[in-house]
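Source file: run.txt (compact mmCIF, C-alpha atoms and all ligand atoms)
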```txt
# COMPACT_ATOMS: atom_id res chain seq x y z
CA MET A 102 -67.36 61.54 97.98
CA ASN A 103 -69.15 61.79 101.30
CA LYS A 104 -72.50 63.47 101.55
CA PRO A 105 -72.08 67.18 101.08
CA GLU A 106 -73.97 69.81 103.02
CA LEU A 107 -75.13 71.64 99.91
CA SER A 108 -76.19 70.48 96.43
CA VAL A 109 -76.60 73.04 93.67
CA ILE A 110 -78.74 71.87 90.74
CA ILE A 111 -78.35 73.60 87.38
CA PRO A 112 -80.32 72.65 84.24
CA VAL A 113 -78.50 73.47 81.03
CA TYR A 114 -80.03 73.74 77.59
CA ASN A 115 -77.96 75.29 74.80
CA GLU A 116 -75.98 77.56 77.10
CA GLU A 117 -72.53 77.24 75.48
CA GLU A 118 -71.88 81.00 75.44
CA GLY A 119 -72.53 81.51 79.12
CA LEU A 120 -71.15 78.43 80.84
CA ALA A 121 -67.55 79.63 81.23
CA THR A 122 -68.70 82.77 83.04
CA LEU A 123 -71.05 80.70 85.15
CA PHE A 124 -68.21 78.41 86.29
CA ALA A 125 -65.98 81.42 86.96
CA ARG A 126 -68.55 82.93 89.32
CA LEU A 127 -70.24 79.86 90.77
CA TYR A 128 -67.30 77.91 92.16
CA PRO A 129 -65.65 80.85 94.00
CA ALA A 130 -69.05 81.82 95.43
CA LEU A 131 -69.53 78.28 96.74
CA ASP A 132 -65.95 77.98 98.02
CA ALA A 133 -66.56 81.17 99.98
CA LEU A 134 -69.40 79.51 101.88
CA GLN A 135 -66.93 77.29 103.73
CA THR A 136 -69.20 74.31 103.53
CA SER A 137 -69.07 71.03 101.64
CA TYR A 138 -70.93 71.18 98.37
CA GLU A 139 -71.59 69.47 95.05
CA VAL A 140 -72.73 71.04 91.81
CA ILE A 141 -74.97 68.92 89.59
CA PHE A 142 -75.40 70.02 86.01
CA ILE A 143 -78.09 68.43 83.91
CA ASN A 144 -77.55 68.75 80.21
CA ASP A 145 -81.10 68.79 78.92
CA GLY A 146 -80.32 67.46 75.43
CA SER A 147 -78.49 70.60 74.28
CA LYS A 148 -77.77 70.78 70.58
CA ASP A 149 -74.75 73.06 70.98
CA ARG A 150 -71.41 72.42 72.72
CA SER A 151 -72.85 72.59 76.24
CA ALA A 152 -72.34 68.86 76.90
CA ALA A 153 -68.69 69.02 75.87
CA ILE A 154 -68.13 72.09 78.05
CA LEU A 155 -69.76 70.34 81.02
CA ARG A 156 -67.51 67.31 80.47
CA GLN A 157 -64.47 69.61 80.58
CA GLN A 158 -65.72 71.19 83.76
CA PHE A 159 -66.16 67.76 85.28
CA GLN A 160 -62.52 67.01 84.44
CA ALA A 161 -61.48 70.31 86.00
CA ARG A 162 -63.40 69.94 89.30
CA PRO A 163 -64.31 66.25 89.68
CA ASP A 164 -64.27 66.64 93.45
CA VAL A 165 -67.39 68.78 93.53
CA THR A 166 -68.95 68.40 90.08
CA ARG A 167 -71.40 65.86 88.76
CA VAL A 168 -73.00 65.91 85.36
CA VAL A 169 -76.15 64.16 84.19
CA LEU A 170 -76.40 64.00 80.42
CA PHE A 171 -79.90 63.57 79.01
CA GLY A 172 -80.41 61.77 75.73
CA ALA A 173 -82.98 64.33 74.60
CA ASN A 174 -84.59 67.57 75.70
CA ALA A 175 -87.09 66.96 78.50
CA GLY A 176 -87.61 70.49 79.77
CA GLN A 177 -86.25 72.55 82.63
CA HIS A 178 -88.46 71.10 85.36
CA LEU A 179 -87.76 67.46 84.54
CA ALA A 180 -84.05 68.28 84.29
CA ILE A 181 -84.24 69.65 87.82
CA MET A 182 -86.11 66.50 88.90
CA ALA A 183 -83.23 64.40 87.58
CA GLY A 184 -80.83 66.65 89.45
CA PHE A 185 -82.79 66.06 92.65
CA GLU A 186 -82.56 62.32 92.17
CA HIS A 187 -78.79 62.52 91.91
CA SER A 188 -78.37 65.02 94.74
CA ARG A 189 -77.17 64.10 98.20
CA GLY A 190 -76.91 67.42 100.03
CA GLU A 191 -78.90 68.31 103.14
CA ILE A 192 -79.76 71.61 101.48
CA VAL A 193 -80.58 71.62 97.79
CA VAL A 194 -80.48 74.84 95.78
CA THR A 195 -81.72 75.23 92.20
CA LEU A 196 -80.15 77.82 89.94
CA ASP A 197 -80.48 78.75 86.26
CA ALA A 198 -77.40 78.50 84.08
CA ASP A 199 -77.84 81.92 82.51
CA LEU A 200 -76.63 83.97 85.50
CA GLN A 201 -79.92 85.84 85.76
CA ASN A 202 -79.86 84.78 89.40
CA PRO A 203 -76.39 85.62 90.69
CA PRO A 204 -74.65 82.58 92.26
CA GLU A 205 -73.35 84.94 94.93
CA GLU A 206 -76.89 84.93 96.35
CA ILE A 207 -76.78 81.21 97.19
CA GLY A 208 -75.17 82.04 100.54
CA LYS A 209 -78.24 84.07 101.54
CA LEU A 210 -80.52 81.11 100.89
CA VAL A 211 -78.26 78.74 102.79
CA ALA A 212 -78.15 81.10 105.76
CA LYS A 213 -81.93 81.30 105.77
CA MET A 214 -82.23 77.48 105.64
CA GLN A 215 -79.88 77.26 108.61
CA GLU A 216 -82.36 79.37 110.57
CA GLY A 217 -84.67 76.36 110.44
CA TYR A 218 -86.83 76.89 107.35
CA ASP A 219 -87.33 73.98 105.00
CA TYR A 220 -88.21 75.98 101.86
CA VAL A 221 -86.66 79.27 100.91
CA GLY A 222 -88.45 80.88 97.99
CA SER A 223 -87.22 84.01 96.32
CA ILE A 224 -88.50 87.24 94.90
CA ARG A 225 -86.58 88.94 92.14
CA GLN A 226 -85.63 92.50 92.98
CA GLN A 227 -85.94 94.63 89.84
CA ARG A 228 -86.58 91.76 87.50
CA GLN A 229 -84.56 92.14 84.30
CA ASP A 230 -86.84 90.65 81.68
CA THR A 231 -88.98 92.00 78.88
CA ALA A 232 -92.00 94.10 79.86
CA PHE A 233 -94.27 91.47 78.35
CA ARG A 234 -92.77 88.69 80.49
CA LYS A 235 -93.10 90.79 83.63
CA TYR A 236 -96.69 91.71 82.90
CA ALA A 237 -97.72 88.18 81.93
CA SER A 238 -96.10 86.68 84.96
CA ARG A 239 -97.78 89.16 87.28
CA ALA A 240 -101.11 88.11 85.78
CA MET A 241 -100.25 84.40 86.13
CA ASN A 242 -99.09 84.85 89.72
CA HIS A 243 -102.43 86.44 90.40
CA ILE A 244 -104.45 83.65 88.78
CA ARG A 245 -102.39 80.94 90.49
CA GLU A 246 -102.86 82.64 93.85
CA LYS A 247 -106.63 82.52 93.31
CA ILE A 248 -107.03 78.96 92.11
CA THR A 249 -104.35 76.97 93.91
CA ARG A 250 -103.39 76.85 97.55
CA ILE A 251 -99.82 77.70 96.73
CA LYS A 252 -98.54 80.95 98.14
CA MET A 253 -95.64 82.38 96.21
CA THR A 254 -94.90 85.98 95.47
CA ASP A 255 -92.75 85.27 92.43
CA GLN A 256 -93.35 81.81 91.04
CA GLY A 257 -90.95 82.15 88.14
CA CYS A 258 -87.77 82.65 90.13
CA MET A 259 -85.83 79.40 90.21
CA LEU A 260 -83.15 80.37 92.70
CA ARG A 261 -84.65 78.47 95.63
CA ALA A 262 -83.52 76.23 98.48
CA TYR A 263 -85.20 73.05 99.70
CA SER A 264 -84.53 70.72 102.60
CA ARG A 265 -83.60 67.07 102.17
CA SER A 266 -87.03 65.97 103.35
CA ILE A 267 -88.76 68.02 100.63
CA ILE A 268 -86.37 66.65 98.02
CA ASP A 269 -87.06 63.08 99.17
CA ALA A 270 -90.78 63.74 98.87
CA ILE A 271 -90.33 65.17 95.37
CA ASN A 272 -88.18 62.18 94.41
CA SER A 273 -91.06 59.90 95.25
CA CYS A 274 -93.32 61.76 92.79
CA ARG A 275 -93.62 60.47 89.25
CA GLU A 276 -95.17 63.53 87.65
CA VAL A 277 -94.53 63.99 83.96
CA ASN A 278 -95.62 67.63 83.79
CA THR A 279 -94.80 69.60 86.83
CA PHE A 280 -93.69 72.90 88.24
CA ILE A 281 -90.93 72.42 90.79
CA PRO A 282 -91.38 75.44 93.10
CA ALA A 283 -95.09 74.67 93.45
CA LEU A 284 -94.56 70.94 93.94
CA ALA A 285 -91.95 71.63 96.61
CA TYR A 286 -94.28 74.10 98.28
CA THR A 287 -96.93 71.43 98.75
CA PHE A 288 -94.44 69.50 100.91
CA ALA A 289 -93.07 72.47 102.83
CA GLN A 290 -93.80 72.83 106.51
CA LYS A 291 -91.93 76.02 107.20
CA PRO A 292 -91.59 78.06 104.02
CA VAL A 293 -90.19 81.55 103.77
CA GLU A 294 -89.33 83.98 100.98
CA ILE A 295 -86.39 86.31 100.58
CA GLU A 296 -85.44 88.88 97.98
CA VAL A 297 -82.65 88.07 95.56
CA LYS A 298 -80.92 90.09 92.89
CA HIS A 299 -81.79 89.57 89.27
CA GLU A 300 -79.66 90.35 86.26
CA GLU A 301 -80.06 90.31 82.54
CA ARG A 302 -79.19 87.09 80.82
CA ALA A 303 -75.37 86.97 80.60
CA ALA A 304 -75.31 85.30 77.16
CA GLY A 305 -77.61 83.58 74.72
CA GLU A 306 -81.33 84.07 74.85
CA SER A 307 -84.31 82.75 76.77
CA LYS A 308 -85.07 79.10 76.05
CA TYR A 309 -88.79 79.72 76.49
CA SER A 310 -90.87 80.71 73.51
CA LEU A 311 -94.31 82.19 74.05
CA TYR A 312 -95.69 78.73 73.24
CA SER A 313 -93.58 76.92 75.82
CA LEU A 314 -94.41 79.57 78.42
CA ILE A 315 -98.11 78.92 77.85
CA ARG A 316 -97.52 75.14 78.12
CA LEU A 317 -95.59 75.66 81.35
CA ASN A 318 -98.35 77.73 82.88
CA PHE A 319 -100.89 75.06 81.98
CA ASP A 320 -98.62 72.59 83.83
CA LEU A 321 -98.73 74.85 86.85
CA VAL A 322 -102.48 75.37 86.82
CA THR A 323 -103.58 71.85 85.89
CA GLY A 324 -100.98 70.27 88.14
CA PHE A 325 -102.13 71.97 91.27
CA SER A 326 -105.80 72.73 90.87
CA VAL A 327 -109.00 71.42 89.28
CA MET A 328 -110.72 74.71 89.93
CA PRO A 329 -110.62 75.73 86.24
CA LEU A 330 -112.81 72.70 85.45
CA GLN A 331 -115.10 73.50 88.34
CA MET A 332 -115.46 77.07 87.17
CA PHE A 333 -116.95 75.78 83.91
CA SER A 334 -119.51 73.65 85.71
CA MET A 335 -120.44 76.66 87.83
CA ALA A 336 -120.69 78.86 84.72
CA GLY A 337 -122.81 76.13 83.13
CA ILE A 338 -125.25 76.20 86.04
CA VAL A 339 -125.52 79.99 85.98
CA LEU A 340 -126.01 80.09 82.21
CA SER A 341 -128.69 77.40 82.27
CA LEU A 342 -130.60 79.28 84.95
CA LEU A 343 -130.36 82.54 83.02
CA SER A 344 -131.52 80.86 79.81
CA ALA A 345 -134.44 79.26 81.64
CA PHE A 346 -135.59 82.69 82.83
CA PHE A 347 -135.08 84.03 79.32
CA VAL A 348 -137.23 81.31 77.78
CA VAL A 349 -140.04 82.03 80.24
CA TYR A 350 -139.76 85.75 79.50
CA LEU A 351 -139.87 85.14 75.73
CA PHE A 352 -142.86 82.87 76.13
CA ILE A 353 -144.82 85.46 78.08
CA ARG A 354 -143.73 88.19 75.70
CA ARG A 355 -144.98 86.17 72.76
CA LEU A 356 -148.40 85.79 74.35
CA VAL A 357 -148.63 89.49 75.23
CA VAL A 358 -146.84 91.34 72.41
CA GLY A 359 -146.67 88.66 69.72
CA PRO A 360 -143.72 87.00 67.91
CA GLU A 361 -140.46 88.88 67.35
CA ALA A 362 -137.92 88.41 64.59
CA GLU A 363 -135.54 91.32 65.19
CA GLY A 364 -132.21 91.11 66.93
CA LEU A 365 -130.75 88.44 64.67
CA PHE A 366 -127.19 89.72 65.02
CA THR A 367 -127.47 90.09 68.76
CA LEU A 368 -128.30 86.43 68.73
CA PHE A 369 -125.21 85.71 66.62
CA GLY A 370 -123.13 87.75 69.01
CA ILE A 371 -124.32 85.83 72.03
CA ALA A 372 -124.08 82.49 70.24
CA PHE A 373 -120.49 83.06 69.11
CA PHE A 374 -119.49 84.25 72.54
CA LEU A 375 -120.87 81.09 74.10
CA LEU A 376 -119.27 79.01 71.37
CA GLY A 377 -115.91 80.55 72.24
CA ILE A 378 -116.38 79.73 75.88
CA LEU A 379 -117.38 76.18 74.98
CA LEU A 380 -114.34 75.66 72.79
CA PHE A 381 -112.13 76.94 75.56
CA ALA A 382 -113.82 74.56 77.98
CA VAL A 383 -113.24 71.61 75.66
CA GLY A 384 -109.63 72.65 75.19
CA LEU A 385 -109.12 72.96 78.91
CA LEU A 386 -110.63 69.54 79.44
CA GLY A 387 -108.18 68.32 76.80
CA GLU A 388 -105.28 69.79 78.78
CA TYR A 389 -106.22 67.70 81.78
CA VAL A 390 -107.03 64.58 79.76
CA GLY A 391 -103.81 64.87 77.75
CA ARG A 392 -101.80 65.06 80.95
CA ILE A 393 -103.59 62.04 82.36
CA TYR A 394 -102.81 60.21 79.12
CA GLN A 395 -99.12 61.10 79.29
CA GLN A 396 -99.05 60.00 82.88
CA VAL A 397 -100.77 56.63 82.42
CA ARG A 398 -98.49 55.60 79.56
CA LEU A 399 -95.79 55.28 82.20
CA ARG A 400 -92.98 56.00 79.80
CA PRO A 401 -89.67 57.11 81.29
CA ARG A 402 -89.86 60.84 81.92
CA TYR A 403 -86.37 61.43 80.60
CA THR A 404 -83.51 59.37 79.26
CA VAL A 405 -80.14 59.59 80.93
CA ALA A 406 -77.37 58.95 78.42
CA ALA A 407 -74.53 59.17 80.95
CA VAL A 408 -73.68 60.36 84.43
CA LEU A 409 -70.26 61.80 85.12
CA GLU A 410 -69.25 61.46 88.74
CA ARG A 411 -65.98 60.74 90.41
CA ASP A 412 -66.71 57.56 92.34
CA GLN A 413 -67.94 55.55 89.41
CA GLY A 414 -66.09 57.45 86.75
CA LEU A 415 -68.05 57.56 83.54
CA ARG A 416 -71.10 55.40 83.82
CA ALA A 417 -73.43 54.62 80.93
CA GLU A 418 -76.96 54.32 82.16
CA ASP A 419 -79.22 53.74 79.23
N1 LIG A 501 -83.62 75.02 80.40
C1 LIG A 501 -83.59 73.63 80.31
N2 LIG A 501 -84.41 73.00 79.42
C2 LIG A 501 -85.29 73.68 78.62
C3 LIG A 501 -85.36 75.09 78.76
C4 LIG A 501 -84.52 75.73 79.65
O1 LIG A 501 -82.80 72.99 81.00
O2 LIG A 501 -86.01 73.04 77.85
C5 LIG A 501 -82.73 75.71 81.34
C6 LIG A 501 -81.90 76.83 80.76
O3 LIG A 501 -80.70 76.35 80.22
C7 LIG A 501 -81.68 77.71 81.98
C8 LIG A 501 -82.97 77.55 82.76
O4 LIG A 501 -83.53 76.32 82.32
O5 LIG A 501 -80.61 77.25 82.76
C9 LIG A 501 -83.92 78.70 82.59
O6 LIG A 501 -84.14 78.94 81.22
P1 LIG A 501 -84.25 80.42 80.63
O7 LIG A 501 -83.21 81.29 81.24
O8 LIG A 501 -84.20 80.31 79.14
O9 LIG A 501 -85.69 80.84 81.09
P2 LIG A 501 -86.17 82.32 81.46
O10 LIG A 501 -85.14 82.93 82.38
O11 LIG A 501 -86.29 83.05 80.17
O12 LIG A 501 -87.48 82.09 82.14
MG MG A 502 -83.23 83.01 82.34
```
Translate this file's structure into structure tokens.
Amino acid sequence: MNKPELSVIIPVYNEEEGLATLFARLYPALDALQTSYEVIFINDGSKDRSAAILRQQFQARPDVTRVVLFGANAGQHLAIMAGFEHSRGEIVVTLDADLQNPPEEIGKLVAKMQEGYDYVGSIRQQRQDTAFRKYASRAMNHIREKITRIKMTDQGCMLRAYSRSIIDAINSCREVNTFIPALAYTFAQKPVEIEVKHEERAAGESKYSLYSLIRLNFDLVTGFSVMPLQMFSMAGIVLSLLSAFFVVYLFIRRLVVGPEAEGLFTLFGIAFFLLGILLFAVGLLGEYVGRIYQQVRLRPRYTVAAVLERDQGLRAED
């Protein structure tokens, strides 16, 4: 296999119901582009028949298909990282397996890349997700815009295109917890965004629970900014100043009016409020420290059980 023009990277986690439809739409859409391509599927430790279905697809289209099989679930972003490491295209496109981003839109991204951009981000037109997801992600986009230097209208949309130089830069990163579109953005020199269609999930359900969504957003915030930590030191300064004034005021008041014992519950209110803030600050600190800890252990970020590709045939890589 020579180097293709286009690599399409697709992470797969328990997507057995939808894969057949994905293949049926993806390959014709790519054939229509009249360019050389490879599709790289990463099976992210699925517990259903996804791996078997991907093996079959490799048998069916070994000319353009490569499959990386993880030993265990490592998460969408690390799966994409592994895909990047195995990719050889000049243009690399990431796509979800659930058909929420139509594969027919890949051509638009490729055309935009050919205009000379090195990063094509995307904005979902009429996003088809739950109202809660849409609301929460608008809030997160807003926060991320404020505290990082990353400019993205719609950070959650994974249908994106990157140039080879960005992919090489990402491949040299060893981050354990990361957020691909943001990481890529930090290396981009000429980024652009376009609108892409968005559909409801074709089959199965979202692989993100509320818990994993919160974890993911911590990865995004802690991975690209230390401003949350700095905000606590700033708040600490302001609060200490205010309390200093308050102490002086109370002192003078005591001399003038005499001692006061009322307002016990106001005191509780303020104390609990501050306690809440403190706990949050400690937790946030823990988020950073925990990530540093994961990083310094230097364990492999994912385990590759096998790679299916035509040149080498089936290669065990443990
Ligand atoms: N995915 C993955 N590993 C995971 C979770 C998800 O590879 O631990 C894949 C999943 O199979 C899909 C993509 O990442 O191809 C996006 O997941 P999903 O559609 O569930 O996310 P949502 O659209 O709800 O944000
Ligand atoms: Mg989805």
Distance criterion (only C-alpha atoms): nearest to Val193 in chain A out of A:Leu385, A:Ile267, A:Ile371, A:Leu170: A:Ile267
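Taking atom C3 of ligand LIG 501 (chain A) and CA of Val113 in chain A as the two end points, the separation is 7.4 Å.
Pairwise distance (CA of Ser273 in chain A, CA of Phe185 in chain A) equals 10.6 Å.
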Nearest residue to Leu134 in chain A from the set A:Arg189, A:Asn318, A:Gly208, A:Ala153 (distances using only C-alpha atoms): A:Gly208
Exercise: Gly146 in chain A partners within 12 Å, all atoms listed in the file, chain neighbours under 5 positions left out, as a PyMOL selection string: chain A and resi 112-116+151-153+169-177+179-180+403-407
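For the pair CA of Ile154 in chain A and CA of Arg411 in chain A, the separation is 16.9 Å.
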Shell of 12 Å around Thr323 in chain A, only C-alpha atoms, local chain residues under 2 positions omitted, as an MDAnalysis selection string: chainID A and resid 245 248:249 276 278:280 283 316:321 325:331 385:393
Site check for ligand LIG 501 (chain A): residues at most 9 Å away, all atoms listed in the file, as number ranges by chain: A: 111-116, 143-147, 174-181, 196-202, 230, 234, 257-259, 301-302, 305-310, 313-314
The centre and edge lengths of an axis-aligned box containing all atoms of range 330-346 of chain A present in the file, extended by 6 Å on each side, are to be given in Å to one decimal, as AutoDock Vina command-line options.
```
--center_x -124.2 --center_y 77.7 --center_z 84.1 --size_x 34.8 --size_y 22.0 --size_z 20.5
```
Polymer residues at most 12 Å from (-66.8, 77.9, 92.8) by only C-alpha atoms, as JSON, numbers by chain: {"A": [109, 121, 122, 123, 124, 125, 126, 127, 128, 129, 130, 131, 132, 133, 134, 135, 136, 137, 138, 139, 140, 158, 161, 162, 164, 165, 166, 204, 205, 207]}
For range 242-244 of chain A: contacts at 7 Å, all atoms listed in the file, fewer than 3 positions along chain excluded, given as a PyMOL selection string: chain A and resi 238-239+247-248+255-256
Using all atoms listed in the file: which of A:Ala183, A:Leu311, A:Leu376, A:Val168 has the shortest distance to Asn272 in chain A: A:Ala183
Nearest-residue call for ligand MG 502 (chain A), choices A:Lys252, A:Arg167, A:Arg228, A:Arg261, using all atoms listed in the file: A:Arg228
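Distances from A:Gly384, A:Pro105, A:Gly359, A:Pro203 to ligand MG 502 (chain A) were compared using only C-alpha atoms and all ligand atoms, and the smallest one belongs to A:Pro203.
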Which residue of A:Ile315, A:Cys274, A:Met241, A:Leu107 approaches Arg402 in chain A most closely, using all atoms listed in the file: A:Cys274
